[in-house]
file protein04.cif (mmCIF, C-alpha atoms and all ligand atoms)
data_target
loop_
_atom_site.label_atom_id
_atom_site.label_comp_id
_atom_site.auth_asym_id
_atom_site.auth_seq_id
_atom_site.Cartn_x
_atom_site.Cartn_y
_atom_site.Cartn_z
CA MET I 289 9.52 6.33 13.02
CA ALA I 290 6.92 3.85 11.87
CA SER I 291 3.38 5.05 12.38
CA VAL I 292 1.11 2.71 14.26
CA GLY I 293 -2.54 2.17 13.50
CA LEU I 294 -5.17 3.73 15.74
CA PHE I 295 -6.10 0.47 17.40
CA ARG I 296 -4.80 -1.96 19.99
CA LEU I 297 -1.72 -3.85 18.78
CA PRO I 298 -2.10 -7.57 19.49
CA GLU I 299 -0.60 -8.85 22.70
CA ALA I 300 2.06 -10.57 20.62
CA GLY I 301 3.24 -7.30 19.02
CA LEU I 302 5.08 -7.52 15.70
CA THR I 303 6.44 -10.87 14.51
CA PRO I 304 9.03 -11.85 11.88
CA ARG I 305 7.68 -11.71 8.30
CA VAL I 306 6.67 -14.94 6.57
CA ALA I 307 6.36 -13.44 3.06
CA PRO I 308 9.39 -14.11 0.83
CA LEU I 309 11.61 -11.20 -0.11
CA GLY I 310 13.11 -10.54 -3.51
CA THR I 311 16.60 -9.21 -4.01
CA ALA I 312 18.20 -7.52 -7.01
CA LYS I 313 20.38 -10.62 -7.40
CA LYS I 314 17.41 -13.01 -7.13
CA PRO I 315 14.23 -11.16 -8.12
CA LEU I 316 11.01 -12.62 -6.73
CA PRO I 317 8.61 -13.88 -9.45
CA ILE I 318 5.15 -12.34 -8.93
CA ILE I 319 1.75 -12.21 -10.63
CA ILE I 320 -0.46 -9.18 -9.96
CA ASP I 321 -4.25 -9.64 -10.06
CA CYS I 322 -5.80 -6.18 -10.06
CA ASP I 323 -8.71 -3.84 -10.73
CA PRO I 324 -6.97 -0.64 -11.92
CA GLY I 325 -7.88 1.57 -10.22
CA LEU I 326 -5.89 4.60 -9.12
CA ASP I 327 -3.79 2.90 -6.43
CA ASP I 328 -3.49 -0.23 -8.59
CA ALA I 329 -1.79 1.99 -11.18
CA LEU I 330 0.89 2.98 -8.66
CA ALA I 331 1.24 -0.62 -7.46
CA ILE I 332 1.93 -1.86 -11.00
CA ALA I 333 4.61 0.84 -11.32
CA CYS I 334 6.30 -0.52 -8.17
CA ALA I 335 6.31 -4.04 -9.62
CA VAL I 336 7.74 -2.87 -12.96
CA VAL I 337 10.54 -0.78 -11.44
CA ARG I 338 11.74 -2.57 -8.31
CA PRO I 339 14.75 -4.78 -9.21
CA GLU I 340 13.82 -7.19 -6.42
CA LEU I 341 10.66 -8.23 -8.31
CA LYS I 342 10.02 -10.01 -11.63
CA LEU I 343 6.49 -9.27 -12.87
CA LEU I 344 5.48 -12.42 -14.79
CA ALA I 345 1.86 -11.51 -15.60
CA VAL I 346 -0.98 -9.12 -14.81
CA THR I 347 -4.59 -10.27 -14.62
CA SER I 348 -7.72 -8.15 -14.23
CA VAL I 349 -10.85 -8.54 -12.13
CA GLY I 350 -13.98 -6.41 -11.90
CA GLY I 351 -13.82 -4.17 -8.85
CA ASN I 352 -13.03 -0.48 -8.89
CA ALA I 353 -14.50 -0.39 -12.40
CA ASP I 354 -15.98 -2.85 -14.89
CA VAL I 355 -13.49 -5.56 -15.77
CA ARG I 356 -13.26 -4.39 -19.41
CA HIS I 357 -11.97 -1.02 -18.19
CA CYS I 358 -9.61 -2.72 -15.69
CA THR I 359 -8.14 -4.87 -18.47
CA GLU I 360 -7.61 -1.96 -20.85
CA ASN I 361 -6.17 0.13 -18.00
CA ALA I 362 -3.67 -2.63 -17.16
CA LEU I 363 -2.60 -2.85 -20.82
CA ARG I 364 -2.25 0.94 -21.11
CA LEU I 365 -0.36 1.32 -17.82
CA LEU I 366 2.15 -1.41 -18.69
CA GLN I 367 2.68 0.21 -22.09
CA LEU I 368 3.14 3.62 -20.43
CA TYR I 369 5.67 2.11 -18.01
CA GLY I 370 7.66 0.48 -20.84
CA ALA I 371 6.56 -3.03 -19.81
CA ALA I 372 4.24 -3.95 -22.68
CA ASP I 373 5.92 -7.37 -22.82
CA VAL I 374 4.19 -8.46 -19.59
CA PRO I 375 1.23 -10.75 -20.46
CA VAL I 376 -2.23 -9.49 -19.51
CA ALA I 377 -5.48 -11.47 -19.36
CA GLU I 378 -8.99 -10.60 -18.29
CA GLY I 379 -10.75 -12.28 -15.36
CA ALA I 380 -14.05 -12.31 -13.56
CA VAL I 381 -16.64 -9.62 -14.14
CA GLY I 382 -17.97 -9.94 -10.59
CA PRO I 383 -18.13 -12.05 -7.43
CA LEU I 384 -18.71 -15.79 -7.08
CA SER I 385 -21.93 -14.89 -5.33
CA GLY I 386 -23.69 -11.74 -4.23
CA PRO I 387 -24.16 -8.33 -5.81
CA LEU I 388 -21.72 -6.59 -8.14
CA GLU I 389 -19.75 -4.00 -6.16
CA ARG I 390 -17.96 -1.10 -7.89
CA ALA I 391 -15.94 1.87 -6.60
CA THR I 392 -16.34 4.21 -9.55
CA GLU I 393 -17.35 6.99 -7.17
CA ILE I 394 -13.73 6.90 -5.99
CA HIS I 395 -11.81 5.81 -9.08
CA GLY I 396 -13.97 7.38 -11.80
CA ALA I 397 -16.17 5.71 -14.41
CA THR I 398 -13.24 4.12 -16.29
CA GLY I 399 -11.20 3.39 -13.15
CA LEU I 400 -8.45 5.92 -13.86
CA GLY I 401 -10.06 9.18 -12.83
CA SER I 402 -10.46 11.57 -15.72
CA THR I 403 -7.13 10.66 -17.26
CA THR I 404 -6.82 9.19 -20.73
CA ILE I 405 -3.67 7.16 -21.28
CA PRO I 406 -2.69 6.32 -24.87
CA ALA I 407 -4.57 3.24 -26.09
CA ALA I 408 -2.72 -0.04 -25.80
CA ALA I 409 -1.18 -1.34 -29.02
CA ARG I 410 -2.11 -4.91 -28.03
CA LYS I 411 -5.11 -6.87 -26.75
CA ALA I 412 -5.28 -9.02 -23.63
CA ASP I 413 -4.44 -12.71 -24.01
CA PRO I 414 -7.69 -14.46 -25.01
CA GLU I 415 -7.06 -17.37 -22.63
CA GLY I 416 -8.37 -15.44 -19.64
CA ALA I 417 -6.96 -14.60 -16.21
CA VAL I 418 -7.20 -17.96 -14.46
CA ALA I 419 -5.70 -19.85 -17.40
CA LEU I 420 -2.87 -17.30 -17.71
CA MET I 421 -2.10 -17.57 -14.00
CA ALA I 422 -2.14 -21.38 -14.20
CA ARG I 423 0.07 -21.47 -17.29
CA THR I 424 2.51 -19.02 -15.68
CA LEU I 425 2.69 -21.03 -12.46
CA ALA I 426 3.22 -24.29 -14.35
CA ALA I 427 5.93 -22.78 -16.55
CA SER I 428 7.83 -21.07 -13.73
CA ALA I 429 11.04 -22.79 -12.63
CA GLU I 430 10.28 -21.67 -9.06
CA PRO I 431 7.13 -21.02 -7.01
CA VAL I 432 5.48 -17.66 -7.65
CA VAL I 433 4.00 -15.05 -5.30
CA LEU I 434 0.42 -14.04 -6.12
CA VAL I 435 -0.29 -10.38 -5.42
CA PRO I 436 -4.07 -9.85 -5.53
CA ILE I 437 -4.94 -6.16 -5.15
CA GLY I 438 -8.63 -6.32 -6.07
CA PRO I 439 -11.49 -8.68 -5.21
CA LEU I 440 -10.25 -12.28 -4.80
CA THR I 441 -12.56 -13.92 -7.36
CA ASN I 442 -9.82 -14.96 -9.82
CA ILE I 443 -7.61 -16.28 -7.02
CA ALA I 444 -10.43 -18.41 -5.61
CA LEU I 445 -11.18 -19.79 -9.08
CA LEU I 446 -7.46 -20.58 -9.59
CA ILE I 447 -7.27 -22.44 -6.27
CA ARG I 448 -10.43 -24.41 -6.99
CA SER I 449 -9.68 -25.10 -10.69
CA TYR I 450 -5.97 -25.99 -10.41
CA PRO I 451 -5.42 -27.51 -6.93
CA HIS I 452 -2.36 -29.37 -8.24
CA LEU I 453 -0.64 -26.01 -8.80
CA ALA I 454 -0.80 -25.04 -5.11
CA PRO I 455 2.89 -26.04 -4.60
CA LYS I 456 3.81 -23.47 -7.28
CA ILE I 457 2.25 -20.67 -5.22
CA SER I 458 4.93 -19.62 -2.73
CA HIS I 459 2.82 -16.94 -1.03
CA ILE I 460 -0.28 -14.79 -1.44
CA CYS I 461 0.48 -11.17 -0.53
CA LEU I 462 -2.91 -9.51 -0.86
CA MET I 463 -4.21 -6.02 -0.38
CA GLY I 464 -7.50 -6.40 1.45
CA GLY I 465 -9.27 -6.73 4.75
CA SER I 466 -8.71 -5.04 8.07
CA VAL I 467 -8.53 -6.23 11.66
CA GLY I 468 -9.87 -2.80 12.53
CA GLU I 469 -12.45 -0.64 10.76
CA GLY I 470 -13.60 -1.21 7.16
CA ASN I 471 -14.07 1.26 4.33
CA SER I 472 -16.91 -0.11 2.14
CA SER I 473 -18.79 -0.60 5.40
CA ALA I 474 -17.85 -0.05 9.02
CA SER I 475 -16.95 -3.76 9.06
CA ALA I 476 -15.51 -4.58 5.66
CA GLU I 477 -12.77 -3.42 3.30
CA PHE I 478 -13.74 -3.16 -0.40
CA ASN I 479 -11.71 -6.04 -1.91
CA ILE I 480 -13.16 -8.51 0.60
CA TYR I 481 -16.62 -6.89 0.67
CA ALA I 482 -16.83 -7.22 -3.13
CA ASP I 483 -16.49 -11.03 -2.97
CA PRO I 484 -16.58 -12.50 0.57
CA THR I 485 -17.10 -16.04 -0.77
CA ALA I 486 -13.89 -15.86 -2.79
CA ALA I 487 -12.03 -14.35 0.16
CA GLU I 488 -13.22 -17.17 2.40
CA ILE I 489 -11.88 -19.75 -0.09
CA VAL I 490 -8.51 -17.97 -0.17
CA PHE I 491 -8.13 -17.51 3.60
CA ASN I 492 -9.19 -21.15 4.20
CA SER I 493 -6.90 -22.51 1.44
CA GLY I 494 -3.96 -23.27 3.74
CA LEU I 495 -1.70 -21.25 1.43
CA PRO I 496 0.67 -18.82 3.21
CA ILE I 497 -0.89 -15.36 3.23
CA THR I 498 0.10 -11.83 4.09
CA MET I 499 -2.93 -9.57 4.53
CA ILE I 500 -1.96 -5.99 3.73
CA GLY I 501 -5.14 -4.41 5.03
CA LEU I 502 -6.39 -0.98 5.95
CA ASP I 503 -4.61 -1.22 9.30
CA VAL I 504 -1.34 -0.49 7.52
CA THR I 505 -2.47 1.03 4.21
CA HIS I 506 -4.25 3.91 5.96
CA HIS I 507 -0.74 5.05 6.86
CA ALA I 508 0.53 4.82 3.26
CA ILE I 509 -0.88 8.22 2.50
CA LEU I 510 0.12 10.71 -0.19
CA ASP I 511 -1.04 14.33 -0.01
CA ARG I 512 -0.83 17.28 -2.37
CA SER I 513 2.83 17.85 -1.56
CA ILE I 514 3.61 14.81 -3.73
CA LEU I 515 2.39 16.68 -6.82
CA GLU I 516 5.32 19.09 -6.62
CA ARG I 517 7.76 16.20 -6.20
CA PHE I 518 6.27 14.36 -9.18
CA ALA I 519 6.21 17.53 -11.28
CA ALA I 520 10.00 17.70 -10.96
CA LEU I 521 10.37 14.19 -12.44
CA PRO I 522 11.09 13.48 -16.10
CA GLY I 523 8.89 11.14 -18.13
CA THR I 524 5.19 10.87 -18.85
CA SER I 525 4.47 8.29 -16.15
CA ALA I 526 5.04 10.79 -13.36
CA LYS I 527 2.73 13.28 -15.06
CA VAL I 528 0.02 10.63 -15.43
CA ALA I 529 0.46 9.64 -11.77
CA SER I 530 0.09 13.29 -10.78
CA GLU I 531 -3.19 13.51 -12.71
CA LEU I 532 -4.48 10.33 -11.07
CA LEU I 533 -3.50 11.57 -7.62
CA LYS I 534 -4.97 15.04 -8.19
CA PHE I 535 -8.29 13.44 -9.19
CA SER I 536 -8.26 11.53 -5.91
CA PHE I 537 -7.23 14.53 -3.80
CA ASP I 538 -10.06 16.60 -5.33
CA ARG I 539 -12.61 13.83 -4.63
CA SER I 540 -11.33 13.35 -1.10
CA ALA I 541 -11.53 17.11 -0.47
CA ALA I 542 -15.07 17.27 -1.91
CA TRP I 543 -16.11 14.65 0.64
CA GLY I 544 -14.53 16.59 3.48
CA GLN I 545 -11.98 13.84 4.02
CA GLY I 546 -8.89 15.99 3.60
CA GLU I 547 -6.76 16.17 0.45
CA LYS I 548 -5.04 12.83 0.59
CA MET I 549 -5.08 9.30 -0.81
CA ALA I 550 -4.12 5.96 0.71
CA ILE I 551 -2.05 4.09 -1.86
CA HIS I 552 -3.32 0.76 -0.57
CA ASP I 553 -2.18 -1.58 -3.33
CA ALA I 554 1.41 -0.34 -3.58
CA VAL I 555 2.07 -1.51 0.00
CA ALA I 556 1.34 -5.14 -0.94
CA VAL I 557 3.92 -4.94 -3.74
CA LEU I 558 6.60 -3.03 -1.82
CA HIS I 559 6.38 -5.48 1.10
CA LEU I 560 7.89 -8.09 -1.23
CA ALA I 561 10.80 -5.85 -2.24
CA ILE I 562 11.70 -3.90 0.92
CA PRO I 563 12.46 -5.93 4.04
CA ASP I 564 11.65 -3.44 6.76
CA LEU I 565 9.00 -1.12 5.29
CA VAL I 566 6.00 -2.96 6.76
CA GLY I 567 5.70 -4.46 10.24
CA VAL I 568 3.49 -7.55 10.51
CA SER I 569 2.00 -9.76 13.19
CA ARG I 570 0.60 -13.30 13.10
CA TYR I 571 -3.19 -13.53 13.25
CA HIS I 572 -5.90 -16.10 12.81
CA VAL I 573 -8.21 -14.53 10.23
CA VAL I 574 -11.64 -15.70 9.15
CA VAL I 575 -13.93 -14.04 6.65
CA ASP I 576 -17.58 -13.33 7.39
CA SER I 577 -19.32 -14.43 4.17
CA THR I 578 -22.81 -14.30 5.72
CA GLN I 579 -25.31 -11.70 4.57
CA GLY I 580 -25.42 -9.78 7.83
CA PRO I 581 -24.10 -6.27 8.63
CA ALA I 582 -20.55 -7.64 9.06
CA ARG I 583 -20.55 -9.22 5.57
CA GLY I 584 -17.02 -9.16 4.17
CA ARG I 585 -15.35 -8.54 7.51
CA THR I 586 -11.94 -10.14 8.08
CA ILE I 587 -12.10 -11.11 11.73
CA GLY I 588 -8.55 -11.22 13.06
CA ASP I 589 -7.53 -12.76 16.38
CA ALA I 590 -4.03 -12.68 17.83
CA ASN I 591 -5.01 -13.25 21.43
CA PRO I 592 -2.82 -16.16 22.64
CA TYR I 593 -5.37 -17.28 25.23
CA ARG I 594 -8.28 -17.55 22.76
CA LEU I 595 -6.14 -19.17 20.05
CA LYS I 596 -4.98 -21.83 22.51
CA ARG I 597 -8.43 -22.31 24.03
CA ASP I 598 -10.08 -22.75 20.61
CA LYS I 599 -7.15 -24.72 19.13
CA LEU I 600 -6.74 -22.16 16.33
CA GLU I 601 -3.53 -21.73 14.36
CA SER I 602 -2.63 -18.28 13.01
CA ASN I 603 -3.05 -18.42 9.20
CA CYS I 604 -1.58 -15.12 8.06
CA ASP I 605 0.70 -12.19 8.61
CA VAL I 606 -1.27 -8.97 9.02
CA GLY I 607 0.37 -5.67 8.07
CA LEU I 608 0.25 -3.24 11.00
CA THR I 609 2.97 -0.60 10.72
CA ILE I 610 4.71 1.37 7.97
CA ASP I 611 7.09 4.31 7.81
CA SER I 612 4.80 6.79 6.03
CA LYS I 613 7.56 9.22 4.99
CA ARG I 614 9.71 6.41 3.62
CA PHE I 615 6.71 5.12 1.66
CA ALA I 616 6.23 8.51 -0.05
CA ASP I 617 9.97 8.71 -0.81
CA GLU I 618 9.85 5.22 -2.35
CA MET I 619 6.98 6.26 -4.63
CA VAL I 620 8.94 9.30 -5.87
CA ASP I 621 12.00 7.12 -6.45
CA ILE I 622 9.95 4.62 -8.45
CA TYR I 623 8.35 7.21 -10.70
CA SER I 624 11.75 8.86 -11.25
CA LYS I 625 12.76 5.64 -13.02
CA LEU I 626 9.77 5.33 -15.34
CA PRO I 627 9.53 6.67 -18.92
O1 LIG I 701 -9.93 -0.89 -0.09
C1 LIG I 701 -8.90 -0.55 -0.96
C2 LIG I 701 -8.88 -1.47 -2.14
O2 LIG I 701 -10.08 -1.32 -2.88
C3 LIG I 701 -7.75 -1.14 -3.14
O3 LIG I 701 -7.34 -2.32 -3.79
C4 LIG I 701 -8.43 -0.23 -4.12
O4 LIG I 701 -7.82 -0.29 -5.43
C5 LIG I 701 -9.80 -0.82 -4.17
O5 LIG I 701 -9.77 -1.90 -5.08
CA CA I 702 -7.24 -2.43 -6.22
#

call {"tool": "encode", "arguments": {"input": "protein04.cif", "output": "structure tokens", "more": "lines below"}}
Ligand code: RIB
Ligand code: CA
result
Amino acid sequence: MASVGLFRLPEAGLTPRVAPLGTAKKPLPIIIDCDPGLDDALAIACAVVRPELKLLAVTSVGGNADVRHCTENALRLLQLYGAADVPVAEGAVGPLSGPLERATEIHGATGLGSTTIPAAARKADPEGAVALMARTLAASAEPVVLVPIGPLTNIALLIRSYPHLAPKISHICLMGGSVGEGNSSASAEFNIYADPTAAEIVFNSGLPITMIGLDVTHHAILDRSILERFAALPGTSAKVASELLKFSFDRSAAWGQGEKMAIHDAVAVLHLAIPDLVGVSRYHVVVDSTQGPARGRTIGDANPYRLKRDKLESNCDVGLTIDSKRFADEMVDIYSKLP
């Protein structure tokens, strides 16, 4: 039974997905732009393991931690997962405008809790994130799905620097935003809050978007029971994931928020591999990039009357429902297949 967010579903209810879907026979080419990051670490694992996806590149952006840490974490995680052949390049330190936002109070000073993963045997590609994304798009025989799971700075720079590559972007399936409550503030979710200007460029780009926001990711929760399930798995990756999760459970408990963690970023990846895990609905979404108390809010409207009255077209799928138990089972299955 899919769990439904604690808010009013739009009048329209759920609508058919727009995001493309990979299959084992025809894996979907994707690029992940991330700020690892505890949940980013689990999202990258999903992309490496799922046969329906082909991870072409990973780029880093400052967010949960400083971008240098995010880059090194991406290199180390891919090496740990046996995917050290996936190109990695470093992106923006901070937002296009506004203050630098970090979430080290949640993810730890280095972005991966208190866990030390063996150092990467390679360095990031010196060309940088935006150039690597552009080169990958240009070289791909088919359009590629961008999967941003951190602040949208690199994606905005890509759109603005390489407008001729827009036809090579088949979809943007991003983790960010919320049509309900925020987390960085009552209004705004962290990835959007950290760079509202970039988010506004992305949402106004005309590119097809799926917004996997807090509305659905707050139901992609793991609790301490997962530690026992991971402990039974072979391989180092499951042990590292357990350490990362335990760090998060301990922090969450210390803040009186229960011993659990929303694995936000993994939902954006799994939506591209599993057809019926996430339920979506069409919304018109705008980003508040002003400096007021709603800065970074993704304002979503699905009300047919207002959309018609104001001549607004819906511009994205918004994730609303997920089967929470199935999500946890998928995470165990993925880590059972990692070294
Ligand atoms: O709000 C959740 C998002 O912020 C996730 O991407 C998490 O990794 C943090 O970046
Ligand atoms: Ca992230």

call {"tool": "axis_aligned_box", "arguments": {"input": "protein04.cif", "around": "ligand LIG 701 (chain I)", "padding_each_side": "4 Å", "output": "AutoDock Vina command-line options"}}
result
--center_x -8.7 --center_y -1.3 --center_z -2.8 --size_x 10.7 --size_y 10.1 --size_z 13.3

call {"tool": "residues_near_ligand", "arguments": {"input": "protein04.cif", "ligand": "ligand CA 702 (chain I)", "cutoff": "9 Å", "atoms": "only C-alpha atoms and all ligand atoms", "output": "ChimeraX atom specification"}}
result
/I:321-329,331,351-352,436-439,463-464,478-479,552-553

call {"tool": "closest_residue", "arguments": {"input": "protein04.cif", "among": "I:Thr398, I:Ser449, I:Asn442, I:Ser472", "to": "ligand LIG 701 (chain I)", "atoms": "only C-alpha atoms and all ligand atoms"}}
result
I:Ser472

call {"tool": "closest_residue", "arguments": {"input": "protein04.cif", "among": "I:Val435, I:Ala561, I:Ala487, I:Ala550", "to": "Pro315 of chain I", "atoms": "all atoms listed in the file"}}
result
I:Ala561

call {"tool": "closest_atom_pairs", "arguments": {"input": "protein04.cif", "of": "segment 480-546 of chain I", "to": "segment 380-395 of chain I", "cutoff": "12 Å", "atoms": "all atoms listed in the file", "output": "Markdown table"}}
result
| residue | atom | partner | partner_atom | distance |
| --- | --- | --- | --- | --- |
| I:Ile480 | CA | I:Pro383 | CA | 10.1 |
| I:Tyr481 | CA | I:Glu389 | CA | 8.0 |
| I:Ala482 | CA | I:Glu389 | CA | 5.3 |
| I:Asp483 | CA | I:Pro383 | CA | 4.9 |
| I:Pro484 | CA | I:Pro383 | CA | 8.2 |
| I:Thr485 | CA | I:Leu384 | CA | 6.5 |
| I:Ala486 | CA | I:Leu384 | CA | 6.5 |
| I:Ala487 | CA | I:Leu384 | CA | 10.0 |
| I:Glu488 | CA | I:Leu384 | CA | 11.0 |
| I:Ile489 | CA | I:Leu384 | CA | 10.5 |
| I:Leu532 | CA | I:His395 | CA | 8.8 |
| I:Leu533 | CA | I:His395 | CA | 10.2 |
| I:Lys534 | CA | I:His395 | CA | 11.5 |
| I:Phe535 | CA | I:His395 | CA | 8.4 |
| I:Ser536 | CA | I:Ile394 | CA | 7.2 |
| I:Phe537 | CA | I:Ile394 | CA | 10.3 |
| I:Asp538 | CA | I:Ile394 | CA | 10.4 |
| I:Arg539 | CA | I:Ile394 | CA | 7.2 |
| I:Ser540 | CA | I:Ile394 | CA | 8.4 |
| I:Ala541 | CA | I:Ile394 | CA | 11.8 |
| I:Ala542 | CA | I:Ile394 | CA | 11.2 |
| I:Trp543 | CA | I:Ile394 | CA | 10.5 |

call {"tool": "write_last_selection", "arguments": {"input": "protein04.cif", "atoms": "C-alpha atoms", "output": "compact mmCIF listing (two decimals), in the coordinates of the input"}}
result
# COMPACT_ATOMS: atom_id res chain seq x y z
CA ILE I 480 -13.16 -8.51 0.60
CA TYR I 481 -16.62 -6.89 0.67
CA ALA I 482 -16.83 -7.22 -3.13
CA ASP I 483 -16.49 -11.03 -2.97
CA PRO I 484 -16.58 -12.50 0.57
CA THR I 485 -17.10 -16.04 -0.77
CA ALA I 486 -13.89 -15.86 -2.79
CA ALA I 487 -12.03 -14.35 0.16
CA GLU I 488 -13.22 -17.17 2.40
CA ILE I 489 -11.88 -19.75 -0.09
CA LEU I 532 -4.48 10.33 -11.07
CA LEU I 533 -3.50 11.57 -7.62
CA LYS I 534 -4.97 15.04 -8.19
CA PHE I 535 -8.29 13.44 -9.19
CA SER I 536 -8.26 11.53 -5.91
CA PHE I 537 -7.23 14.53 -3.80
CA ASP I 538 -10.06 16.60 -5.33
CA ARG I 539 -12.61 13.83 -4.63
CA SER I 540 -11.33 13.35 -1.10
CA ALA I 541 -11.53 17.11 -0.47
CA ALA I 542 -15.07 17.27 -1.91
CA TRP I 543 -16.11 14.65 0.64

call {"tool": "closest_residue", "arguments": {"input": "protein04.cif", "among": "I:Leu565, I:Val433, I:Leu366, I:Met549", "to": "ligand LIG 701 (chain I)", "atoms": "only C-alpha atoms and all ligand atoms"}}
result
I:Met549

call {"tool": "closest_residue", "arguments": {"input": "protein04.cif", "among": "I:Leu600, I:Ala476, I:Leu368, I:Ala307", "to": "Leu434 of chain I", "atoms": "all atoms listed in the file"}}
result
I:Ala307

call {"tool": "atom_distance", "arguments": {"input": "protein04.cif", "atom1": "atom CA of Cys604 of chain I", "atom2": "atom CA of Ala333 of chain I"}}
result
25.9 Å

call {"tool": "closest_residue", "arguments": {"input": "protein04.cif", "among": "I:Lys527, I:His559, I:His572, I:Lys313", "to": "Asn492 of chain I", "atoms": "all atoms listed in the file"}}
result
I:His572

call {"tool": "closest_residue", "arguments": {"input": "protein04.cif", "among": "I:Ser402, I:Ser473, I:His357, I:Val376", "to": "Gly584 of chain I", "atoms": "all atoms listed in the file"}}
result
I:Ser473

call {"tool": "residues_around", "arguments": {"input": "protein04.cif", "residues": "Gly301 of chain I", "least_positions_apart": "5", "cutoff": "9 Å", "atoms": "only C-alpha atoms", "output": "ChimeraX atom specification"}}
result
/I:568-570

call {"tool": "atom_distance", "arguments": {"input": "protein04.cif", "atom1": "atom CA of Arg583 of chain I", "atom2": "atom CA of Gly501 of chain I"}}
result
16.2 Å

call {"tool": "residues_around", "arguments": {"input": "protein04.cif", "residues": "Arg448 of chain I", "least_positions_apart": "4", "cutoff": "10 Å", "atoms": "all atoms listed in the file", "output": "list in words"}}
result
Asn442, Ile443, Ala444, His452, Ala454, Ile489, Val490 and Ser493 of chain I

call {"tool": "atom_distance", "arguments": {"input": "protein04.cif", "atom1": "atom CA of Asn471 of chain I", "atom2": "atom CA of Ser612 of chain I"}}
result
19.7 Å
